[in-house]
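data18.cif (mmCIF, C-alpha atoms)
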data_my_file
loop_
_atom_site.group_PDB
_atom_site.id
_atom_site.type_symbol
_atom_site.label_atom_id
_atom_site.label_comp_id
_atom_site.auth_asym_id
_atom_site.auth_seq_id
_atom_site.Cartn_x
_atom_site.Cartn_y
_atom_site.Cartn_z
ATOM 1 C CA MET W 1 2.850 20.996 -5.918
ATOM 2 C CA GLN W 2 0.946 19.920 -9.025
ATOM 3 C CA ARG W 3 -1.266 16.864 -9.266
ATOM 4 C CA ASP W 4 0.278 13.938 -11.147
ATOM 5 C CA LEU W 5 -2.173 13.501 -14.029
ATOM 6 C CA GLN W 6 -0.488 10.293 -15.221
ATOM 7 C CA LEU W 7 -0.976 8.729 -11.802
ATOM 8 C CA THR W 8 -4.624 9.844 -11.719
ATOM 9 C CA ALA W 9 -5.251 8.303 -15.147
ATOM 10 C CA ARG W 10 -3.531 5.056 -14.149
ATOM 11 C CA MET W 11 -5.577 4.827 -10.942
ATOM 12 C CA VAL W 12 -8.867 5.348 -12.797
ATOM 13 C CA ILE W 13 -8.021 2.778 -15.493
ATOM 14 C CA SER W 14 -6.753 0.258 -12.938
ATOM 15 C CA PHE W 15 -9.806 0.649 -10.745
ATOM 16 C CA LEU W 16 -12.161 0.191 -13.710
ATOM 17 C CA ALA W 17 -10.251 -2.949 -14.727
ATOM 18 C CA LEU W 18 -10.470 -4.285 -11.175
ATOM 19 C CA ALA W 19 -14.197 -3.493 -11.076
ATOM 20 C CA LEU W 20 -14.766 -5.547 -14.241
ATOM 21 C CA ILE W 21 -12.765 -8.452 -12.809
ATOM 22 C CA TYR W 22 -14.724 -8.201 -9.573
ATOM 23 C CA LEU W 23 -18.098 -8.189 -11.398
ATOM 24 C CA ALA W 24 -17.084 -11.298 -13.329
ATOM 25 C CA PHE W 25 -15.996 -12.912 -10.064
ATOM 26 C CA LEU W 26 -19.338 -12.038 -8.429
ATOM 27 C CA SER W 27 -21.210 -13.578 -11.340
ATOM 28 C CA PHE W 28 -19.270 -16.807 -10.878
ATOM 29 C CA VAL W 29 -19.892 -16.851 -7.111
ATOM 30 C CA SER W 30 -23.579 -16.218 -7.754
ATOM 31 C CA MET W 31 -23.837 -19.214 -10.103
ATOM 32 C CA TYR W 32 -21.673 -21.477 -7.935
ATOM 33 C CA PHE W 33 -23.719 -20.973 -4.768
ATOM 34 C CA GLY W 34 -27.053 -20.786 -6.605
ATOM 35 C CA LEU W 35 -27.737 -17.242 -5.420
ATOM 36 C CA GLY W 36 -29.047 -14.368 -7.467
ATOM 37 C CA ILE W 37 -26.721 -11.621 -8.603
ATOM 38 C CA LEU W 38 -28.687 -9.071 -6.533
ATOM 39 C CA PRO W 39 -27.988 -10.558 -3.063
ATOM 40 C CA ILE W 40 -24.370 -11.180 -4.017
ATOM 41 C CA SER W 41 -24.047 -7.569 -5.216
ATOM 42 C CA ILE W 42 -25.613 -6.249 -2.017
ATOM 43 C CA LEU W 43 -23.226 -8.353 0.067
ATOM 44 C CA ALA W 44 -20.267 -7.128 -1.998
ATOM 45 C CA GLY W 45 -21.437 -3.530 -1.663
ATOM 46 C CA LEU W 46 -21.661 -3.886 2.110
ATOM 47 C CA MET W 47 -18.184 -5.394 2.232
ATOM 48 C CA ILE W 48 -16.680 -2.609 0.125
ATOM 49 C CA GLY W 49 -18.535 0.009 2.170
ATOM 50 C CA ALA W 50 -17.224 -1.478 5.394
ATOM 51 C CA GLN W 51 -13.726 -1.636 3.908
ATOM 52 C CA TRP W 52 -13.988 2.021 2.899
ATOM 53 C CA TYR W 53 -15.178 3.129 6.325
ATOM 54 C CA PHE W 54 -12.903 0.986 8.485
ATOM 55 C CA SER W 55 -9.836 0.733 6.200
ATOM 56 C CA ASP W 56 -7.679 3.324 7.965
ATOM 57 C CA LYS W 57 -8.740 2.107 11.410
ATOM 58 C CA LEU W 58 -7.914 -1.489 10.469
ATOM 59 C CA VAL W 59 -4.506 -0.477 9.135
ATOM 60 C CA LEU W 60 -3.643 1.376 12.346
ATOM 61 C CA TRP W 61 -4.970 -1.459 14.514
ATOM 62 C CA SER W 62 -3.150 -4.195 12.584
ATOM 63 C CA THR W 63 0.184 -2.375 12.871
ATOM 64 C CA GLY W 64 -0.278 -1.444 16.513
ATOM 65 C CA THR W 65 0.069 2.237 15.637
ATOM 66 C CA LYS W 66 -0.561 4.794 18.366
ATOM 67 C CA LEU W 67 -1.531 8.374 17.555
ATOM 68 C CA VAL W 68 0.908 10.770 19.218
ATOM 69 C CA THR W 69 0.561 14.351 20.414
ATOM 70 C CA ARG W 70 2.887 17.306 19.861
ATOM 71 C CA GLU W 71 4.077 16.964 23.439
ATOM 72 C CA GLU W 72 5.131 13.359 22.841
ATOM 73 C CA HIS W 73 6.869 13.937 19.477
ATOM 74 C CA PRO W 74 7.388 17.662 18.849
ATOM 75 C CA ILE W 75 9.857 17.192 15.970
ATOM 76 C CA LEU W 76 7.472 14.928 14.038
ATOM 77 C CA HIS W 77 4.648 17.417 14.432
ATOM 78 C CA GLU W 78 6.834 20.340 13.435
ATOM 79 C CA ILE W 79 8.062 18.645 10.245
ATOM 80 C CA VAL W 80 4.601 17.427 9.194
ATOM 81 C CA GLU W 81 2.999 20.799 9.898
ATOM 82 C CA LYS W 82 5.589 22.622 7.771
ATOM 83 C CA LEU W 83 5.256 20.160 4.884
ATOM 84 C CA ALA W 84 1.450 20.200 5.013
ATOM 85 C CA GLN W 85 1.460 23.985 4.724
ATOM 86 C CA LYS W 86 3.797 23.852 1.720
ATOM 87 C CA ALA W 87 1.634 21.181 0.062
ATOM 88 C CA ASN W 88 -1.570 23.093 0.852
ATOM 89 C CA LEU W 89 -2.952 20.123 2.782
ATOM 90 C CA PRO W 90 -4.723 19.850 6.143
ATOM 91 C CA LYS W 91 -2.251 18.695 8.756
ATOM 92 C CA PRO W 92 -2.717 14.910 9.076
ATOM 93 C CA LYS W 93 -2.734 13.049 12.351
ATOM 94 C CA ILE W 94 0.584 11.474 13.288
ATOM 95 C CA GLY W 95 1.133 7.944 14.517
ATOM 96 C CA VAL W 96 4.076 5.851 15.676
ATOM 97 C CA MET W 97 4.234 2.126 14.909
ATOM 98 C CA PRO W 98 6.117 0.114 17.576
ATOM 99 C CA SER W 99 8.618 -1.717 15.387
ATOM 100 C CA ASP W 100 12.394 -1.822 15.143
ATOM 101 C CA ILE W 101 12.024 -2.208 11.358
ATOM 102 C CA PRO W 102 12.453 1.306 9.903
ATOM 103 C CA ASN W 103 9.458 2.236 7.769
ATOM 104 C CA ALA W 104 6.646 4.723 7.183
ATOM 105 C CA PHE W 105 3.246 4.860 5.531
ATOM 106 C CA ALA W 106 0.141 7.013 5.101
ATOM 107 C CA THR W 107 -3.495 5.991 5.378
ATOM 108 C CA GLY W 108 -6.904 7.629 5.369
ATOM 109 C CA LYS W 109 -9.992 8.039 3.196
ATOM 110 C CA SER W 110 -9.295 11.685 2.392
ATOM 111 C CA PRO W 111 -6.742 14.417 3.179
ATOM 112 C CA LYS W 112 -8.916 15.569 6.088
ATOM 113 C CA THR W 113 -8.920 12.125 7.730
ATOM 114 C CA SER W 114 -5.388 11.089 6.825
ATOM 115 C CA VAL W 115 -2.743 9.719 9.178
ATOM 116 C CA VAL W 116 1.012 9.688 8.629
ATOM 117 C CA VAL W 117 2.800 6.882 10.454
ATOM 118 C CA VAL W 118 6.472 6.252 11.149
ATOM 119 C CA SER W 119 7.957 3.298 12.960
ATOM 120 C CA SER W 120 9.927 3.725 16.153
ATOM 121 C CA GLY W 121 12.865 2.152 14.313
ATOM 122 C CA ILE W 122 12.996 4.781 11.571
ATOM 123 C CA MET W 123 13.455 7.591 14.068
ATOM 124 C CA LYS W 124 16.556 5.847 15.411
ATOM 125 C CA ILE W 125 18.441 5.779 12.100
ATOM 126 C CA LEU W 126 17.381 8.973 10.266
ATOM 127 C CA ASN W 127 18.359 12.551 11.000
ATOM 128 C CA ASN W 128 15.727 15.301 10.852
ATOM 129 C CA GLU W 129 16.364 16.189 7.190
ATOM 130 C CA GLU W 130 16.118 12.556 6.094
ATOM 131 C CA LEU W 131 12.961 12.156 8.167
ATOM 132 C CA GLU W 132 11.566 15.225 6.396
ATOM 133 C CA GLY W 133 12.293 13.534 3.061
ATOM 134 C CA VAL W 134 10.356 10.419 4.122
ATOM 135 C CA LEU W 135 7.422 12.453 5.438
ATOM 136 C CA SER W 136 7.302 14.525 2.230
ATOM 137 C CA HIS W 137 6.930 11.236 0.329
ATOM 138 C CA GLU W 138 4.010 10.203 2.548
ATOM 139 C CA LEU W 139 2.270 13.575 2.260
ATOM 140 C CA THR W 140 2.518 13.257 -1.508
ATOM 141 C CA HIS W 141 0.583 9.975 -1.256
ATOM 142 C CA ILE W 142 -2.106 11.882 0.632
ATOM 143 C CA ARG W 143 -2.054 14.655 -1.971
ATOM 144 C CA HIS W 144 -2.517 12.097 -4.768
ATOM 145 C CA ARG W 145 -5.279 10.224 -2.861
ATOM 146 C CA ASP W 146 -3.735 6.944 -3.997
ATOM 147 C CA VAL W 147 -3.843 5.207 -0.600
ATOM 148 C CA THR W 148 -7.620 4.702 -0.802
ATOM 149 C CA ILE W 149 -7.405 3.208 -4.296
ATOM 150 C CA ILE W 150 -4.744 0.722 -3.214
ATOM 151 C CA THR W 151 -6.780 -0.213 -0.119
ATOM 152 C CA LEU W 152 -9.952 -0.922 -2.106
ATOM 153 C CA ALA W 153 -8.046 -2.672 -4.875
ATOM 154 C CA SER W 154 -6.388 -4.929 -2.323
ATOM 155 C CA LEU W 155 -9.825 -6.006 -1.092
ATOM 156 C CA PHE W 156 -10.562 -7.754 -4.395
ATOM 157 C CA SER W 157 -7.409 -9.838 -4.364
ATOM 158 C CA THR W 158 -7.780 -10.562 -0.631
ATOM 159 C CA ILE W 159 -11.261 -12.055 -1.121
ATOM 160 C CA ALA W 160 -9.988 -14.236 -3.955
ATOM 161 C CA TRP W 161 -6.960 -15.276 -1.883
ATOM 162 C CA TYR W 162 -9.045 -16.410 1.085
ATOM 163 C CA LEU W 163 -11.447 -18.225 -1.212
ATOM 164 C CA MET W 164 -8.482 -20.115 -2.670
ATOM 165 C CA GLN W 165 -7.226 -20.958 0.816
ATOM 166 C CA SER W 166 -10.628 -22.182 2.045
ATOM 167 C CA SER W 167 -11.185 -24.237 -1.114
ATOM 168 C CA MET W 168 -7.775 -25.890 -0.802
ATOM 169 C CA PHE W 169 -8.502 -26.684 2.845
ATOM 170 C CA SER W 170 -11.868 -28.212 1.943
ATOM 171 C CA SER W 171 -10.365 -30.347 -0.818
ATOM 172 C CA MET W 172 -7.669 -31.655 1.537
ATOM 173 C CA TRP W 173 -10.117 -32.682 4.264
ATOM 174 C CA GLY W 174 -13.025 -33.857 2.166
ATOM 175 C CA GLY W 175 -15.479 -31.187 3.302
ATOM 176 C CA TYR W 176 -19.197 -31.278 2.744
ATOM 177 C CA GLY W 177 -21.229 -30.480 -0.311
ATOM 178 C CA TYR W 178 -23.823 -31.524 -2.822
ATOM 179 C CA GLY W 179 -23.620 -34.293 -5.368
ATOM 180 C CA GLY W 180 -21.018 -36.541 -3.781
ATOM 181 C CA ARG W 181 -17.243 -36.478 -3.435
ATOM 182 C CA GLN W 182 -16.477 -36.622 -7.198
ATOM 183 C CA GLN W 183 -18.736 -33.713 -8.146
ATOM 184 C CA GLN W 184 -17.523 -31.765 -5.136
ATOM 185 C CA GLY W 185 -13.930 -32.266 -6.212
ATOM 186 C CA GLY W 186 -14.715 -30.861 -9.654
ATOM 187 C CA ASN W 187 -16.495 -27.873 -8.131
ATOM 188 C CA LEU W 188 -13.624 -27.180 -5.783
ATOM 189 C CA PHE W 189 -11.167 -27.300 -8.655
ATOM 190 C CA LEU W 190 -13.305 -24.787 -10.558
ATOM 191 C CA VAL W 191 -13.440 -22.474 -7.530
ATOM 192 C CA LEU W 192 -9.690 -22.723 -7.112
ATOM 193 C CA ALA W 193 -9.062 -22.008 -10.789
ATOM 194 C CA VAL W 194 -11.346 -18.961 -10.936
ATOM 195 C CA ALA W 195 -10.128 -17.575 -7.613
ATOM 196 C CA ALA W 196 -6.507 -18.043 -8.721
ATOM 197 C CA VAL W 197 -7.133 -16.136 -11.971
ATOM 198 C CA VAL W 198 -8.901 -13.308 -10.117
ATOM 199 C CA TRP W 199 -6.116 -13.096 -7.547
ATOM 200 C CA LEU W 200 -3.377 -13.076 -10.198
ATOM 201 C CA LEU W 201 -5.042 -10.402 -12.345
ATOM 202 C CA SER W 202 -5.775 -8.253 -9.288
ATOM 203 C CA PHE W 203 -2.234 -8.673 -8.027
ATOM 204 C CA LEU W 204 -0.668 -7.688 -11.359
ATOM 205 C CA ILE W 205 -2.835 -4.560 -11.600
ATOM 206 C CA ILE W 206 -2.063 -3.575 -8.001
ATOM 207 C CA ARG W 207 1.643 -4.224 -8.551
ATOM 208 C CA ALA W 208 1.716 -2.033 -11.665
ATOM 209 C CA ILE W 209 -0.066 0.945 -10.128
ATOM 210 C CA SER W 210 1.749 0.585 -6.812
ATOM 211 C CA ARG W 211 5.177 0.792 -8.456
ATOM 212 C CA TYR W 212 4.229 3.922 -10.378
ATOM 213 C CA ARG W 213 2.654 5.592 -7.347
ATOM 214 C CA GLU W 214 5.853 5.099 -5.349
ATOM 215 C CA LEU W 215 7.904 6.813 -8.073
ATOM 216 C CA ALA W 216 5.302 9.597 -8.204
ATOM 217 C CA ALA W 217 5.487 10.038 -4.415
ATOM 218 C CA ASP W 218 9.303 10.137 -4.542
ATOM 219 C CA ARG W 219 9.144 12.823 -7.210
ATOM 220 C CA GLY W 220 6.463 14.833 -5.420
ATOM 221 C CA GLY W 221 8.316 14.602 -2.109
ATOM 222 C CA ALA W 222 11.581 15.690 -3.731
ATOM 223 C CA PHE W 223 10.000 18.803 -5.228
ATOM 224 C CA LEU W 224 8.102 19.536 -2.010
ATOM 225 C CA THR W 225 11.299 19.838 0.041
ATOM 226 C CA GLY W 226 13.600 20.850 -2.812
ATOM 227 C CA LYS W 227 16.125 18.379 -1.381
ATOM 228 C CA PRO W 228 15.939 15.056 -3.258
ATOM 229 C CA LEU W 229 19.195 13.779 -1.748
ATOM 230 C CA ASN W 230 17.662 13.710 1.736
ATOM 231 C CA LEU W 231 15.024 11.241 0.553
ATOM 232 C CA SER W 232 17.582 9.160 -1.352
ATOM 233 C CA HIS W 233 19.808 8.942 1.746
ATOM 234 C CA ALA W 234 16.792 7.889 3.814
ATOM 235 C CA LEU W 235 15.820 5.184 1.314
ATOM 236 C CA MET W 236 19.352 3.759 1.365
ATOM 237 C CA LYS W 237 19.428 3.660 5.169
ATOM 238 C CA ILE W 238 15.986 2.047 5.422
ATOM 239 C CA ASP W 239 16.764 -0.529 2.741
ATOM 240 C CA GLY W 240 20.090 -1.362 4.404
ATOM 241 C CA LYS W 241 18.450 -2.012 7.770
ATOM 242 C CA ILE W 242 15.655 -4.095 6.242
ATOM 243 C CA LYS W 243 18.168 -6.315 4.437
ATOM 244 C CA VAL W 244 19.771 -7.342 7.735
ATOM 245 C CA ALA W 245 16.609 -7.433 9.845
ATOM 246 C CA PRO W 246 15.500 -10.779 11.356
ATOM 247 C CA THR W 247 13.256 -12.741 8.975
ATOM 248 C CA GLN W 248 10.624 -13.274 11.664
ATOM 249 C CA GLN W 249 10.208 -9.518 12.156
ATOM 250 C CA LEU W 250 9.936 -8.904 8.421
ATOM 251 C CA GLN W 251 7.319 -11.625 7.957
ATOM 252 C CA LYS W 252 5.065 -9.937 10.508
ATOM 253 C CA MET W 253 5.037 -6.779 8.385
ATOM 254 C CA GLU W 254 4.848 -8.197 4.868
ATOM 255 C CA GLY W 255 1.062 -7.864 4.708
ATOM 256 C CA MET W 256 1.446 -4.077 4.744
ATOM 257 C CA ASN W 257 4.105 -3.836 2.041
ATOM 258 C CA ALA W 258 1.858 -2.056 -0.464
ATOM 259 C CA PHE W 259 1.641 0.855 1.996
ATOM 260 C CA PHE W 260 5.241 1.080 3.224
ATOM 261 C CA ILE W 261 7.822 3.447 1.755
ATOM 262 C CA VAL W 262 10.202 0.457 1.451
ATOM 263 C CA PRO W 263 8.762 -3.091 1.407
ATOM 264 C CA ALA W 264 9.687 -5.419 4.259
ATOM 265 C CA ILE W 265 10.638 -8.409 2.099
ATOM 266 C CA SER W 266 11.922 -11.424 4.005
ATOM 267 C CA GLY W 267 13.219 -13.333 0.977
ATOM 268 C CA GLN W 268 15.151 -12.700 -2.225
ATOM 269 C CA THR W 269 14.773 -13.350 -5.982
ATOM 270 C CA ILE W 270 11.114 -14.237 -6.642
ATOM 271 C CA ALA W 271 9.887 -12.252 -3.627
ATOM 272 C CA ARG W 272 11.539 -9.139 -5.002
ATOM 273 C CA PHE W 273 10.063 -9.815 -8.450
ATOM 274 C CA PHE W 274 6.598 -9.727 -6.911
ATOM 275 C CA SER W 275 7.411 -6.593 -4.903
ATOM 276 C CA THR W 276 4.889 -3.750 -5.011
ATOM 277 C CA HIS W 277 7.766 -1.238 -5.165
ATOM 278 C CA PRO W 278 10.366 -0.439 -7.829
ATOM 279 C CA PRO W 279 13.989 -1.313 -6.960
ATOM 280 C CA ILE W 280 15.699 1.091 -4.565
ATOM 281 C CA GLU W 281 18.450 1.621 -7.146
ATOM 282 C CA GLU W 282 15.936 2.907 -9.689
ATOM 283 C CA ARG W 283 14.310 5.232 -7.145
ATOM 284 C CA ILE W 284 17.664 6.696 -6.104
ATOM 285 C CA LYS W 285 18.678 7.164 -9.740
ATOM 286 C CA ARG W 286 15.506 9.148 -10.417
ATOM 287 C CA LEU W 287 16.010 11.259 -7.308
ATOM 288 C CA MET W 288 19.549 12.053 -8.462
ATOM 289 C CA GLU W 289 18.122 13.183 -11.810
ATOM 290 C CA ILE W 290 15.705 15.495 -9.984
ATOM 291 C CA GLU W 291 18.649 16.827 -7.951
ATOM 292 C CA GLN W 292 20.448 17.728 -11.195
ATOM 293 C CA GLN W 293 17.270 19.268 -12.576
ATOM 294 C CA LEU W 294 16.766 21.458 -9.501
ATOM 295 C CA ARG W 295 20.443 22.361 -9.371
ATOM 296 C CA GLY W 296 20.336 23.417 -13.013
ATOM 297 C CA SER W 297 17.281 25.599 -12.480
ATOM 298 C CA GLY W 298 18.654 27.084 -9.246
ATOM 299 C CA THR W 299 15.632 25.973 -7.195
ATOM 300 C CA LEU W 300 17.300 23.626 -4.705
ATOM 301 C CA GLY W 301 15.945 23.883 -1.175
ATOM 302 C CA THR W 302 17.931 25.769 1.416
#
Could you show the structure in this file as C-alpha cells?
Amino acid sequence: MQRDLQLTARMVISFLALALIYLAFLSFVSMYFGLGILPISILAGLMIGAQWYFSDKLVLWSTGTKLVTREEHPILHEIVEKLAQKANLPKPKIGVMPSDIPNAFATGKSPKTSVVVVSSGIMKILNNEELEGVLSHELTHIRHRDVTIITLASLFSTIAWYLMQSSMFSSMWGGYGYGGRQQQGGNLFLVLAVAAVVWLLSFLIIRAISRYRELAADRGGAFLTGKPLNLSHALMKIDGKIKVAPTQQLQKMEGMNAFFIVPAISGQTIARFFSTHPPIEERIKRLMEIEQQLRGSGTLGT
C-alpha cells in the first residue's frame, strides 16, 4: 500500500496557504483590538495546540461515540485487525456512533492513536464484505494522515465563522464599543467583511483537499482489499439511505461531514455544490475503473 504522493503534496500546499491566511487574519485581529501581534500569536498557538491535543476526543464526544471491545463487536475487530495488518498499520481503536444514519469516519493525531468509527445504522444495512470496503477506506485515511490536516484546517474557518456570527449579533442588538454607534457600525462591517473572506478562502481550500482525499481513500481502500466493488456497493447503500433519512437527523450530523465517508446533506442543489465530497457517481465510476484494472492484471482479491 503505497503513500499517495499527490495527496501529500496537496496537503502541504493547502496547509501553507491556510497558514498564510491565518497569519493575515491574526494581524487584522491584532490591529482591530489594539493588541500586539505577540499576545495574539501566543493565544492562537494555544488554541491550535489545544485543538491538536483534544481534536480526536472532541470528535468522539460530539458524535456520542463509544469505544467497543472485541467481546462487544467481534466482527468489527476481526475486519479491522486483518486490514491493519495488510496496511502495515497499528490496529486502531474501534468505536460505534449511536445513529440510524449509516456512516463511518476515522480520527486521531497519528496511526498509533487513531480510532475508526462506524454508526450503528451502517451495520444494519451492509454485509461483512461491504463493511470491509468501508473500513479499508477509513484505514487509508489513517495511512495518509489526512484526518489531522483536515481537523486543523477546519479550525481556521471555524474561528472566522464564529467571529462573523458574533459580529452580526452585535450589529443587530447595538452592542458596546468605542467611538459611538456610527464608528462601531463601520468597525463591525469591517470585521464581518474580513471574517467572511477568511471563512470563504478557508472553506474553498478545505473543500478542494477534502474531495481529493476522499478519492485517494477510495482508491487506497480498493487496492487494500482487492475488491473495489464491495466499496462501491457500500457507497450506493449508504447514499440511498441518507437521501431518504429525516432532515432533522441529517442536520444533527452535518457538522461532521468533512470526516464522514458519505456526507449527511439535508438539502439539495447548493448544499451539494458546497459538499466536501465528490459526487457518489464519480466515486463509483472510479472504483469500477480500478475493478477493470485489477481484473486485467489478475490481482483481484479472493
Compute the distance from (-2.1, 6.3, 19.9) to each atom, counting only C-alpha atoms, keep the residues with any atom at most 10 Å away, and return them as an NGL selection string; use the coordinates of the file. :W and (60-61 or 64-69 or 94-97)
For W:Pro92: contacts at 10 Å, all atoms listed in the file, fewer than 5 positions along chain excluded, given as a count of residues only: 17
Take atom CA of W:Ala195 and atom CA of W:Ser27 and report the distance between them in Å, one decimal. 12.4 Å
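Counting from atom CA of W:Ala104, the distance to atom CA of W:Gln6 is 24.2 Å.
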Selection: 12 Å around stretch 283-298 of chain W, only C-alpha atoms, excl. self and same-chain fewer than 4 positions, as a ChimeraX atom specification: /W:133,137,211-237,239,261-262,277-279,302
Convert the current residue selection to file output with C-alpha atoms, as a compact mmCIF listing (two decimals), in the coordinates of the input.
# COMPACT_ATOMS: atom_id res chain seq x y z
CA GLY W 133 12.29 13.53 3.06
CA HIS W 137 6.93 11.24 0.33
CA ARG W 211 5.18 0.79 -8.46
CA TYR W 212 4.23 3.92 -10.38
CA ARG W 213 2.65 5.59 -7.35
CA GLU W 214 5.85 5.10 -5.35
CA LEU W 215 7.90 6.81 -8.07
CA ALA W 216 5.30 9.60 -8.20
CA ALA W 217 5.49 10.04 -4.42
CA ASP W 218 9.30 10.14 -4.54
CA ARG W 219 9.14 12.82 -7.21
CA GLY W 220 6.46 14.83 -5.42
CA GLY W 221 8.32 14.60 -2.11
CA ALA W 222 11.58 15.69 -3.73
CA PHE W 223 10.00 18.80 -5.23
CA LEU W 224 8.10 19.54 -2.01
CA THR W 225 11.30 19.84 0.04
CA GLY W 226 13.60 20.85 -2.81
CA LYS W 227 16.12 18.38 -1.38
CA PRO W 228 15.94 15.06 -3.26
CA LEU W 229 19.20 13.78 -1.75
CA ASN W 230 17.66 13.71 1.74
CA LEU W 231 15.02 11.24 0.55
CA SER W 232 17.58 9.16 -1.35
CA HIS W 233 19.81 8.94 1.75
CA ALA W 234 16.79 7.89 3.81
CA LEU W 235 15.82 5.18 1.31
CA MET W 236 19.35 3.76 1.36
CA LYS W 237 19.43 3.66 5.17
CA ASP W 239 16.76 -0.53 2.74
CA ILE W 261 7.82 3.45 1.76
CA VAL W 262 10.20 0.46 1.45
CA HIS W 277 7.77 -1.24 -5.16
CA PRO W 278 10.37 -0.44 -7.83
CA PRO W 279 13.99 -1.31 -6.96
CA THR W 302 17.93 25.77 1.42
Of W:Tyr22, W:Lys109, W:Val147, W:Ile75, the one nearest to W:Glu129 when counting all atoms listed in the file is W:Ile75
Gap from atom CA of W:Leu38 to atom CA of W:Ala50 - Å, one decimal: 18.2 Å
Edge lengths and centre, in Å to one decimal, as JSON: that's what I need for the box along x, y and z that holds all listed atoms of stretch 50-67 of chain W plus 3 Å on each side.
{"center_x": -8.5, "center_y": 2.1, "center_z": 10.6, "size_x": 23.4, "size_y": 18.6, "size_z": 21.5}
Could you list, as a ChimeraX atom specification, every residue matched by the PyMOL selection byres ((chain W and resi 14) around 9) in this structure? /W:9-13,15-19,153,205-206,208-209
